[in-house]
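**Q** Take a look at target04.cif, mmCIF, C-alpha atoms, pLDDT in the B column; chains and numbers go by the auth columns:
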data_upload
#
loop_
_atom_site.group_PDB
_atom_site.id
_atom_site.type_symbol
_atom_site.label_atom_id
_atom_site.label_comp_id
_atom_site.label_asym_id
_atom_site.label_seq_id
_atom_site.Cartn_x
_atom_site.Cartn_y
_atom_site.Cartn_z
_atom_site.B_iso_or_equiv
_atom_site.auth_seq_id
_atom_site.auth_asym_id
ATOM 1 C CA PRO A 1 26.993 12.697 -126.113 48.00 228 A
ATOM 2 C CA PHE A 2 27.146 12.595 -122.326 46.00 229 A
ATOM 3 C CA ARG A 3 26.917 9.146 -120.793 48.00 230 A
ATOM 4 C CA ARG A 4 26.188 8.607 -117.196 46.00 231 A
ATOM 5 C CA PRO A 5 28.787 6.443 -115.458 46.00 232 A
ATOM 6 C CA ILE A 6 27.645 3.062 -114.248 44.00 233 A
ATOM 7 C CA MET A 7 27.794 2.898 -110.476 44.00 234 A
ATOM 8 C CA THR A 8 29.282 -0.182 -108.938 38.00 235 A
ATOM 9 C CA ALA A 9 28.066 -1.708 -105.705 44.00 236 A
ATOM 10 C CA GLN A 10 31.162 -0.349 -103.959 44.00 237 A
ATOM 11 C CA PHE A 11 30.434 3.161 -105.241 47.00 238 A
ATOM 12 C CA ASP A 12 26.800 2.864 -104.128 52.00 239 A
ATOM 13 C CA ASP A 13 27.946 1.892 -100.633 51.00 240 A
ATOM 14 C CA ASP A 14 30.050 5.036 -100.472 54.00 241 A
ATOM 15 C CA LEU A 15 26.970 7.140 -101.241 71.00 242 A
ATOM 16 C CA VAL A 16 25.144 5.929 -98.131 80.00 243 A
ATOM 17 C CA ASP A 17 26.094 8.251 -95.307 89.00 244 A
ATOM 18 C CA ASP A 18 25.368 7.075 -91.751 93.00 245 A
ATOM 19 C CA VAL A 19 24.689 10.654 -90.629 94.00 246 A
ATOM 20 C CA THR A 20 22.001 10.975 -93.297 93.00 247 A
ATOM 21 C CA VAL A 21 20.570 7.575 -92.376 95.00 248 A
ATOM 22 C CA GLY A 22 20.473 8.672 -88.730 95.00 249 A
ATOM 23 C CA LEU A 23 18.606 11.853 -89.649 95.00 250 A
ATOM 24 C CA GLN A 24 16.129 9.846 -91.725 95.00 251 A
ATOM 25 C CA ILE A 25 15.516 7.518 -88.779 95.00 252 A
ATOM 26 C CA GLN A 26 15.093 10.478 -86.423 95.00 253 A
ATOM 27 C CA GLN A 27 12.549 12.121 -88.747 94.00 254 A
ATOM 28 C CA PHE A 28 10.666 8.844 -89.105 92.00 255 A
ATOM 29 C CA LEU A 29 10.561 8.332 -85.328 93.00 256 A
ATOM 30 C CA ASP A 30 9.279 11.891 -84.826 91.00 257 A
ATOM 31 C CA GLU A 31 6.470 11.151 -87.292 87.00 258 A
ATOM 32 C CA TRP A 32 5.942 7.728 -85.685 85.00 259 A
ATOM 33 C CA HIS A 33 5.486 9.275 -82.218 82.00 260 A
ATOM 34 C CA PHE A 34 3.105 11.895 -83.609 82.00 261 A
ATOM 35 C CA ARG A 35 0.987 9.191 -85.269 78.00 262 A
ATOM 36 C CA VAL A 36 0.990 7.055 -82.111 77.00 263 A
ATOM 37 C CA LEU A 37 -0.270 10.046 -80.118 75.00 264 A
ATOM 38 C CA HIS A 38 -2.760 11.127 -82.790 67.00 265 A
ATOM 39 C CA SER A 39 -4.200 7.637 -83.242 70.00 266 A
ATOM 40 C CA GLY A 40 -4.920 7.125 -79.559 70.00 267 A
ATOM 41 C CA LEU A 41 -2.377 4.322 -79.209 70.00 268 A
ATOM 42 C CA ALA A 42 -0.550 6.411 -76.624 65.00 269 A
ATOM 43 C CA SER A 43 -3.139 5.271 -74.087 73.00 270 A
ATOM 44 C CA GLU A 44 -2.088 1.660 -74.808 78.00 271 A
ATOM 45 C CA TRP A 45 1.660 1.992 -75.505 82.00 272 A
ATOM 46 C CA ASP A 46 4.343 3.755 -73.506 85.00 273 A
ATOM 47 C CA ARG A 47 7.404 5.317 -75.192 86.00 274 A
ATOM 48 C CA SER A 48 9.416 2.092 -75.061 89.00 275 A
ATOM 49 C CA GLN A 49 6.620 0.002 -76.557 91.00 276 A
ATOM 50 C CA ALA A 50 6.127 2.496 -79.391 89.00 277 A
ATOM 51 C CA LEU A 51 9.863 2.470 -80.158 93.00 278 A
ATOM 52 C CA ILE A 52 10.022 -1.327 -80.076 94.00 279 A
ATOM 53 C CA LYS A 53 7.141 -1.469 -82.584 92.00 280 A
ATOM 54 C CA ALA A 54 9.081 0.870 -84.893 92.00 281 A
ATOM 55 C CA MET A 55 12.181 -1.320 -84.507 96.00 282 A
ATOM 56 C CA GLU A 56 10.087 -4.375 -85.384 96.00 283 A
ATOM 57 C CA ILE A 57 9.269 -2.686 -88.693 93.00 284 A
ATOM 58 C CA PHE A 58 13.000 -2.245 -89.367 94.00 285 A
ATOM 59 C CA GLU A 59 13.555 -5.859 -88.324 96.00 286 A
ATOM 60 C CA SER A 60 10.927 -7.051 -90.797 94.00 287 A
ATOM 61 C CA CYS A 61 12.830 -5.151 -93.509 92.00 288 A
ATOM 62 C CA GLY A 62 16.131 -6.911 -92.829 93.00 289 A
ATOM 63 C CA MET A 63 17.684 -5.471 -89.676 95.00 290 A
ATOM 64 C CA ASP A 64 19.141 -8.149 -87.415 95.00 291 A
ATOM 65 C CA ILE A 65 18.159 -7.137 -83.878 96.00 292 A
ATOM 66 C CA SER A 66 17.230 -9.209 -80.837 96.00 293 A
ATOM 67 C CA GLN A 67 14.386 -8.482 -78.442 96.00 294 A
ATOM 68 C CA GLU A 68 16.948 -7.636 -75.750 97.00 295 A
ATOM 69 C CA GLU A 69 18.668 -5.169 -78.085 97.00 296 A
ATOM 70 C CA LYS A 70 15.330 -3.550 -78.945 97.00 297 A
ATOM 71 C CA GLU A 71 14.493 -3.160 -75.266 96.00 298 A
ATOM 72 C CA GLY A 72 17.938 -1.736 -74.499 97.00 299 A
ATOM 73 C CA LEU A 73 17.799 0.752 -77.358 97.00 300 A
ATOM 74 C CA ALA A 74 14.249 1.787 -76.434 96.00 301 A
ATOM 75 C CA ASP A 75 15.510 2.752 -72.974 95.00 302 A
ATOM 76 C CA ALA A 76 18.622 4.555 -74.291 96.00 303 A
ATOM 77 C CA SER A 77 18.902 8.245 -75.104 95.00 304 A
ATOM 78 C CA GLU A 78 17.574 9.227 -78.510 94.00 305 A
ATOM 79 C CA ALA A 79 21.093 9.809 -79.887 95.00 306 A
ATOM 80 C CA ASP A 80 22.362 6.433 -78.632 96.00 307 A
ATOM 81 C CA MET A 81 19.257 4.652 -79.899 96.00 308 A
ATOM 82 C CA ILE A 82 19.569 6.135 -83.388 95.00 309 A
ATOM 83 C CA GLU A 83 23.287 5.348 -83.506 96.00 310 A
ATOM 84 C CA GLY A 84 22.521 1.761 -82.462 96.00 311 A
ATOM 85 C CA LEU A 85 19.879 1.412 -85.167 97.00 312 A
ATOM 86 C CA VAL A 86 22.203 2.792 -87.850 96.00 313 A
ATOM 87 C CA GLN A 87 24.952 0.368 -86.780 95.00 314 A
ATOM 88 C CA ARG A 88 22.591 -2.626 -86.979 96.00 315 A
ATOM 89 C CA MET A 89 21.049 -1.651 -90.298 95.00 316 A
ATOM 90 C CA PRO A 90 22.364 -3.632 -93.276 95.00 317 A
ATOM 91 C CA MET A 91 23.613 -1.678 -96.286 94.00 318 A
ATOM 92 C CA SER A 92 20.734 -2.979 -98.409 93.00 319 A
ATOM 93 C CA LEU A 93 18.245 -1.384 -95.994 94.00 320 A
ATOM 94 C CA LYS A 94 20.252 1.842 -95.743 94.00 321 A
ATOM 95 C CA ARG A 95 20.180 2.160 -99.543 93.00 322 A
ATOM 96 C CA MET A 96 16.386 1.908 -99.734 93.00 323 A
ATOM 97 C CA LEU A 97 15.608 3.613 -96.416 94.00 324 A
ATOM 98 C CA GLU A 98 14.383 6.927 -97.798 92.00 325 A
ATOM 99 C CA HIS A 99 11.889 5.195 -100.104 92.00 326 A
ATOM 100 C CA LEU A 100 10.816 2.764 -97.375 93.00 327 A
ATOM 101 C CA LEU A 101 10.226 5.534 -94.836 92.00 328 A
ATOM 102 C CA LEU A 102 8.146 7.556 -97.294 91.00 329 A
ATOM 103 C CA GLN A 103 5.976 4.495 -97.911 92.00 330 A
ATOM 104 C CA LEU A 104 5.660 3.866 -94.170 88.00 331 A
ATOM 105 C CA GLN A 105 4.619 7.473 -93.567 86.00 332 A
ATOM 106 C CA LEU A 106 1.860 7.105 -96.145 88.00 333 A
ATOM 107 C CA VAL A 107 0.671 3.871 -94.526 86.00 334 A
ATOM 108 C CA LEU A 108 0.799 5.429 -91.043 80.00 335 A
ATOM 109 C CA SER A 109 -1.132 8.477 -92.156 81.00 336 A
ATOM 110 C CA THR A 110 -3.835 6.381 -93.804 84.00 337 A
ATOM 111 C CA ALA A 111 -4.052 3.947 -90.887 80.00 338 A
ATOM 112 C CA THR A 112 -4.385 6.832 -88.433 78.00 339 A
ATOM 113 C CA ARG A 113 -7.205 8.371 -90.456 80.00 340 A
ATOM 114 C CA VAL A 114 -9.002 5.015 -90.731 81.00 341 A
ATOM 115 C CA ARG A 115 -8.627 4.305 -87.011 76.00 342 A
ATOM 116 C CA ASN A 116 -9.929 7.746 -86.047 77.00 343 A
ATOM 117 C CA SER A 117 -12.875 7.417 -88.436 79.00 344 A
ATOM 118 C CA LEU A 118 -13.735 3.972 -87.070 80.00 345 A
ATOM 119 C CA GLU A 119 -13.578 5.253 -83.498 78.00 346 A
ATOM 120 C CA GLU A 120 -15.941 8.075 -84.473 81.00 347 A
ATOM 121 C CA GLY A 121 -18.263 5.555 -86.132 78.00 348 A
ATOM 122 C CA SER A 122 -18.001 7.206 -89.541 74.00 349 A
ATOM 123 C CA ALA A 123 -18.219 4.397 -92.115 73.00 350 A
ATOM 124 C CA ASP A 124 -18.631 6.937 -94.938 77.00 351 A
ATOM 125 C CA GLU A 125 -15.358 8.604 -93.989 72.00 352 A
ATOM 126 C CA VAL A 126 -13.565 5.231 -93.916 70.00 353 A
ATOM 127 C CA ALA A 127 -14.873 4.461 -97.412 76.00 354 A
ATOM 128 C CA LYS A 128 -13.717 7.882 -98.605 76.00 355 A
ATOM 129 C CA ILE A 129 -10.219 7.341 -97.178 71.00 356 A
ATOM 130 C CA MET A 130 -9.919 3.960 -98.856 71.00 357 A
ATOM 131 C CA GLU A 131 -10.820 5.296 -102.332 73.00 358 A
#
Take the structure from the file and write it as C-alpha cells.
**A**
Amino acid sequence: PFRRPIMTAQFDDDLVDDVTVGLQIQQFLDEWHFRVLHSGLASEWDRSQALIKAMEIFESCGMDISQEEKEGLADASEADMIEGLVQRMPMSLKRMLEHLLLQLQLVLSTATRVRNSLEEGSADEVAKIME
C-alpha cells in the first residue's frame, strides 16, 4: 500500500515560495481596496491609511512591523511594498496565509454587506446577512 511521506518542518519551509506569498498578498490587497471603496470607507481613508490597516491585520497575525515601517511601505511602490511585507512575514504566517486570506475575504465581504445595509437603514437585510 502507498504511504504518504511525513513532511518535516524543514520540508514544509521549502514548500513556501515567496513569489506565491507575494501574489497572495497582492490579490488580497486588490480585494481589500475594492472592499474599502465599496464600503464607503474611501471617503474616510486615503490609500496609505487603507494599506496601513491591512498591514495591521498582518501584524495581529504575527508579522513584526513598526509603525514607521508600515508608513514607509504604504508610500512605496506596490512591488516594493509587497516585497517588504513578504520579507517581514514569519514562516508560520506564510504557511497559513492562503487560509487566513480566504477567511479575511469572507469577513470583509460580510462586513461590507452589513455596513451598506445599515447605511441604507435596512434592518431586515442585516438580519438576513447574519443568518
**Q** Near Ala281 of chain A, counting only C-alpha atoms, which residues have an atom at most 10 Å away, once you skip same-chain residues fewer than 4 positions from it, shown as a ChimeraX atom specification?
**A** /A:255-256,259-260,275-277,285-286,297,301
**Q** In Å, how far is it from atom CA of Val341 of chain A to atom CA of Lys355 of chain A?
**A**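 Between atom CA of Val341 of chain A and atom CA of Lys355 of chain A the gap works out to 9.6 Å.
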**Q** Using all atoms listed in the file, which of the listed residues (A:Leu329, A:Leu268, A:Ile292, A:Ala350) sits closest to Met316 of chain A?
**A** A:Ile292
**Q** Which polymer residues have any atom within 9 Å of an atom of Arg342 of chain A, counting only C-alpha atoms, with same-chain residues fewer than 3 positions away left out, as a PyMOL selection string?
**A** chain A and resi 266-267+337-339+345-347+353
**Q** By how many Å are atom CA of Lys321 of chain A and atom CA of Asp244 of chain A apart?
**A**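 Atom-to-atom, atom CA of Lys321 of chain A and atom CA of Asp244 of chain A are spaced 8.7 Å apart.
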**Q** Give the answer as one residue: which of A:Val248, A:Glu258, A:Glu325, A:Pro317 has the shortest atom-to-atom distance to Cys288 of chain A, using only C-alpha atoms?
**A**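 When distances to Cys288 of chain A are compared using only C-alpha atoms, the smallest one comes from A:Pro317.
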**Q** As an exercise, work out the distance from atom CA of Met323 of chain A to atom CA of Leu250 of chain A in Å and give it to one decimal place.
**A**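 Separation of atom CA of Met323 of chain A and atom CA of Leu250 of chain A: 14.3 Å.
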**Q** Using the file's own x, y and z axes, what box holds all listed atoms of segment 331-342 of chain A with 8 Å on each side, keeping edges along x, y and z, and what are its centre and edge lengths in Å to one decimal, as AutoDock Vina command-line options?
**A**
--center_x -1.7 --center_y 6.2 --center_z -91.6 --size_x 30.7 --size_y 20.6 --size_z 25.1
**Q** From the set A:Arg262, A:Gln294, A:Asp257, A:Arg340, which residue has the shortest atom-to-atom contact distance to Ala354 of chain A, counting all atoms listed in the file?
**A**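 Nearest to Ala354 of chain A: A:Arg340.
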**Q** Just add N, CA and C atoms to segment 256-267 of chain A and send it as a PDB file, in the coordinates of the input.
**A**
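Full text of rebuild-v8.pdb as output:
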ATOM      1  N   LEU A 256      11.013   8.562 -86.703  1.00 93.00           N
ATOM      2  CA  LEU A 256      10.561   8.332 -85.328  1.00 93.00           C
ATOM      3  C   LEU A 256       9.745   9.504 -84.802  1.00 93.00           C
ATOM      4  N   ASP A 257      10.094  10.730 -85.207  1.00 91.00           N
ATOM      5  CA  ASP A 257       9.279  11.891 -84.826  1.00 91.00           C
ATOM      6  C   ASP A 257       7.867  11.742 -85.387  1.00 91.00           C
ATOM      7  N   GLU A 258       7.773  11.372 -86.659  1.00 87.00           N
ATOM      8  CA  GLU A 258       6.470  11.151 -87.292  1.00 87.00           C
ATOM      9  C   GLU A 258       5.746   9.975 -86.632  1.00 87.00           C
ATOM     10  N   TRP A 259       6.487   8.923 -86.331  1.00 85.00           N
ATOM     11  CA  TRP A 259       5.942   7.728 -85.685  1.00 85.00           C
ATOM     12  C   TRP A 259       5.296   8.105 -84.347  1.00 85.00           C
ATOM     13  N   HIS A 260       6.027   8.871 -83.523  1.00 82.00           N
ATOM     14  CA  HIS A 260       5.486   9.275 -82.218  1.00 82.00           C
ATOM     15  C   HIS A 260       4.238  10.136 -82.394  1.00 82.00           C
ATOM     16  N   PHE A 261       4.270  11.056 -83.352  1.00 82.00           N
ATOM     17  CA  PHE A 261       3.105  11.895 -83.609  1.00 82.00           C
ATOM     18  C   PHE A 261       1.899  11.032 -83.964  1.00 82.00           C
ATOM     19  N   ARG A 262       2.091  10.054 -84.846  1.00 78.00           N
ATOM     20  CA  ARG A 262       0.987   9.191 -85.269  1.00 78.00           C
ATOM     21  C   ARG A 262       0.486   8.318 -84.120  1.00 78.00           C
ATOM     22  N   VAL A 263       1.397   7.847 -83.281  1.00 77.00           N
ATOM     23  CA  VAL A 263       0.990   7.055 -82.111  1.00 77.00           C
ATOM     24  C   VAL A 263       0.108   7.908 -81.206  1.00 77.00           C
ATOM     25  N   LEU A 264       0.525   9.152 -80.961  1.00 75.00           N
ATOM     26  CA  LEU A 264      -0.270  10.046 -80.118  1.00 75.00           C
ATOM     27  C   LEU A 264      -1.604  10.386 -80.778  1.00 75.00           C
ATOM     28  N   HIS A 265      -1.565  10.700 -82.066  1.00 67.00           N
ATOM     29  CA  HIS A 265      -2.760  11.127 -82.790  1.00 67.00           C
ATOM     30  C   HIS A 265      -3.773   9.994 -82.958  1.00 67.00           C
ATOM     31  N   SER A 266      -3.295   8.772 -83.023  1.00 70.00           N
ATOM     32  CA  SER A 266      -4.200   7.637 -83.242  1.00 70.00           C
ATOM     33  C   SER A 266      -4.842   7.133 -81.957  1.00 70.00           C
ATOM     34  N   GLY A 267      -4.383   7.610 -80.821  1.00 70.00           N
ATOM     35  CA  GLY A 267      -4.920   7.125 -79.559  1.00 70.00           C
ATOM     36  C   GLY A 267      -4.162   5.937 -78.997  1.00 70.00           C
TER      37      GLY A 267
END
